[in-house]
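This report refers to the structure that appears directly beneath it.
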Amino acid sequence: MNKHEVVVVGGGLAGLTAALSLAHGGTDVLLIEKNEHCGGLMNTFWRDGFRFEGGARALVNAGLVTPLMKEFGLELDILPNPITLGIEDKLLVINGERSLHEYAQILKGLYKGIEHEVDGIIGAIRSVINDMKVLYGVDNPLFTKKKNNPLVLAPSMIAWTFKFFRTMIRISRMNTPFEQALDKLSNNQALKDIIGQHFFRNTPVFFALSYFALYNDYVYPKGGVGAFINALTDAITQRGGKIRCKTEVIRVEPEKKILTDDSGQEYRYNSMIWAGDLRNLYQITEGTVLTGNIKHQFLQQKDRVLAQKGAESVFSVFAAVDLPPEVFSAIATGHMFYTPDRAGLGELHTRRLKELLDRWDLVTRDELNSWLKDFCQYNTFEVSIPVLRDSEAAPQGQTGFIISALFDYELTERIREAGWYDEFKKQVELEFIAVLSRSIYPGLQDKILFSFSASPRSIFDMVKSAEGSIVGWSFEAEIPAVTSMFRMADSVKTVLPGVYTAGKWVYSPAGGPTAIMTGRIAAKRCQKELKKYKVL
Ligand SMILES: Cc1cc2nc3c(=O)[nH]c(=O)nc-3n(C[C@H](O)[C@H](O)[C@H](O)COP(=O)(O)OP(=O)(O)OC[C@H]3O[C@@H](n4cnc5c(N)ncnc54)[C@H](O)[C@@H]3O)c2cc1C
């Protein structure tokens with residue numbers, strides 16, 4: 001049987017951060033990943049000479065990525081990732097907070113007669129951004145080369161901690177869904193849709209409204225997001241950490257401290273970090289021997305976790321285009337949030353979708369296709385063109401596109417069960433491309449070399465993420481995870497002896513930055529536990 005001081009399950013950003021922190025500290029660590037490569041929802045792949053991001057289109061620095069790279073000496077060229085916001089033919093390249101004024105002018109031009117409502121919303125965004133600056137704008141002291149020297153660390157740590165707590169108090173008062181906050185500022189549904197329809201339903205207001213500041217915080221590693229993942233995996237193995245891919249953990253026996261993989265191989269550990277889907281952990285721990293109070297607490301937590309769902313997922317269309325990058329760079333930057341129609345989604349993604357699902361057996365394909373057409377026409381898309389940030393991402397004179405929008409997992413599942421999943425995926429590809437051809441990129445659809453897509457179900461299949469969620473729990477129900485920044489350090493704890501958790505399911509709202517933070521915190525907990533164990 002294999003035996004390691006720490007076993008990390010799941011090689012996404014959280015698991016990799018944890019494994020690297022442990023290996024760097026000299027801990028004997030094994031990372032187990034079910035896929036052929038690590039990265040999870042941060043990955044880059046090639047198709048016929050075109051490079052695409054399968055998950056996040058760029059990295060949000062959030063005061064974490066750069067310090068992490070510095071601490072572990074990761075050598076990576078980081079390229080700029082300018083973001084364009086677009087509505088119909090109005091395009092704005094975001095250049096810090098000063099762009100808020102121009103954004104307001106665009107909105108006032110599109111929604112005449114409600115200029116004061118636009119001012120109210122922009123004022124709210126400005127105020128939240130000021131509150132969030134301490135989180136996004138300052139290097140997080142969790143990663144610093146000089147952390148062992150208290151004299152060097154202390155001044156920045158004290159300043160950061162002070163600002164952090166002030167911010168935390170204000171943020172904890174802004175946990176209401178952003179829709180409610182916008183309702184207080186405007187009666188115009190289209191305006192509210194344009195501001196918020198690319199956020200998950202009921203996203204906390206502080207998170208949604210501060211996103212404007214995050215646009216300038218995106219960076220793009222040369223070689224794509226996957227280059228960052230490769231740098232992490234190399235750094236783990238260089239420090240003696242072990243990585244075992246194509247291996248799925250299917251059973252956890254916490255009292256024996258044993259894991260079993262899909263080939264029957266067993267692994268003994270002192271501590272374990274679970275950085276995969278949290279529901280999966282509770283499902284596969286079922287049936288193993290747990291006793292007394294631990295059993296009681298475990299079952300309680302299990303009920304809470306299994307009762308909840310993931311947030312909306314994403315539908316991504318990948319397309320290779322027989323046009324040179326200059327055609328597209330003349331229009332917008334290589335990473336854009338674009339809404340082709342100022343009318344907004346209205347009830348298409350809420351009441352209308354629910355209606356369709358409620359009478360599913362009576363819904364015809366024509367009806368669904370008509371809903372899909374409207375859904376695409378009025379939606380907001382994230383458009384990523386890797387070659388506009390890194391010239392090596394596509395063959396000479398050609399361009400690769402990734403076009404995505406939030407998408408409902410249940411709808412995809414119903415279509416799959418009805419047996420027309422592949423056809424539906426093709427239809428979505430055509431619609432996504434057609435809507436951009438009718439608006440920002442005329443003629444795009446005539447120059448497509450090939451296209452393919454990934455549905456919410458593909459995300460589930462790839463990383464086992466419940467409901468194909470990319471950011472953990474839905475904000476529409478009770479969240480069975482830590483939601484207060486004051487308690488982030490507790491997010492990695494479980495009732496199971498020696499078992500910690502990390503990643504998008506353990507803290508909400510989640511994403512790349514929280515995956516890094518929770519991975520790091522979980523590693524620290526394991527190191528502390530190991531020290532105690534060694535003293536004994
Ligand atoms: C299209 C898209 C756009 C995004 N955009 C952004 C963005 O702009 N900003 C942002 O912050 N975030 C963004 N995200 C979200 C971000 O990528 C994720 O939240 C983050 O990467 C999650 O990391 P993780 O380690 O928690 O989980 P994951 O990346 O899901 O990693 C979990 C890993 O565990 C493995 N695993 C699961 N179960 C097992 C098992 N039983 N045994 C072994 N291995 C297992 C999986 O295969 C996977 O590799 C985006 C995601 C997508 C898909």
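Numbering starts fresh at 1 for the residues of each chain in the structure tokens, the chains themselves are lettered A, B, ... in the order given, and ligands are numbered from 1 as they appear.
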Please identify all polymer residues within 10 Å of Ser263 of chain A, counting only C-alpha atoms, omitting same-chain residues fewer than 4 positions from it, and present them as a VMD selection string. chain A and resid 247 to 250
Give me the residues within 8 Å of Ala231 of chain A as a list of chain:residue names, counting only C-alpha atoms and dropping any in the same chain fewer than 6 places off.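 Here the qualifying residues turn out to be A:Leu74, A:Glu75, A:Leu76.
Ranking A:Gly63, A:Gly40, A:Gly519, A:Gly73 by their shortest atom-to-atom distance to ligand 1, with only C-alpha atoms and all ligand atoms included, puts A:Gly40 first.
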Per residue of segment 450-492 of chain A within 10 Å of segment 301-306 of chain A, what are the shortest atom pair and its distance in Å to one decimal, counting only C-alpha atoms, with rows by chain and residue number, as a Markdown table?
| residue | atom | partner | partner_atom | distance |
| --- | --- | --- | --- | --- |
| A:Trp473 | CA | A:Val305 | CA | 9.7 |
| A:Glu478 | CA | A:Arg304 | CA | 8.8 |
| A:Ile479 | CA | A:Val305 | CA | 8.4 |
| A:Pro480 | CA | A:Val305 | CA | 5.7 |
| A:Ala481 | CA | A:Val305 | CA | 8.4 |
Restricting it to N, CA and C atoms, dump the selection as a PDB file, in the first residue's frame.
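The new file again02.pdb reads:
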ATOM      1  N   TRP A 473     -21.430  26.479  -5.224  1.00  0.00           N
ATOM      2  CA  TRP A 473     -22.855  26.447  -4.872  1.00  0.00           C
ATOM      3  C   TRP A 473     -23.679  27.537  -5.548  1.00  0.00           C
ATOM      4  N   GLU A 478     -29.799  27.856   0.496  1.00  0.00           N
ATOM      5  CA  GLU A 478     -28.819  27.878   1.592  1.00  0.00           C
ATOM      6  C   GLU A 478     -27.473  27.351   1.062  1.00  0.00           C
ATOM      7  N   ILE A 479     -26.393  28.004   1.431  1.00  0.00           N
ATOM      8  CA  ILE A 479     -25.079  27.564   0.938  1.00  0.00           C
ATOM      9  C   ILE A 479     -24.397  26.735   2.035  1.00  0.00           C
ATOM     10  N   PRO A 480     -24.155  25.437   1.790  1.00  0.00           N
ATOM     11  CA  PRO A 480     -23.574  24.598   2.842  1.00  0.00           C
ATOM     12  C   PRO A 480     -22.054  24.734   2.909  1.00  0.00           C
ATOM     13  N   ALA A 481     -21.589  25.972   2.947  1.00  0.00           N
ATOM     14  CA  ALA A 481     -20.145  26.239   2.988  1.00  0.00           C
ATOM     15  C   ALA A 481     -19.962  27.589   3.668  1.00  0.00           C
TER      16      ALA A 481
END
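Coordinates place atom CA of Gln445 of chain A at a distance of 17.4 Å from atom CA of Ser329 of chain A.
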Distance in Å - atom CA of Gly54 of chain A versus atom CA of Gln377 of chain A: 23.6 Å
Determine the nearest neighbour of Val327 of chain A from the options A:Lys532, A:His37, A:Lys447, A:Lys133, counting only C-alpha atoms.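 Ranking A:Lys532, A:His37, A:Lys447, A:Lys133 by distance to Val327 of chain A, first place goes to A:Lys447.
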Near-ligand residues for ligand 1, threshold 6 Å, only C-alpha atoms and all ligand atoms, as a PyMOL selection string: chain A and resi 9-15+32-35+38-42+55-57+60+247-250+275-277+463-464+470-471+503-504+510-513+515
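Taking atom CA of Ala405 of chain A and atom CA of Ser186 of chain A as endpoints, the distance between them is 24.5 Å.
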Can you work out which one of A:Leu107, A:Ile121, A:Gln308, A:Ser271 has the shortest atom-to-atom distance to Ala522 of chain A, counting only C-alpha atoms? A:Ser271
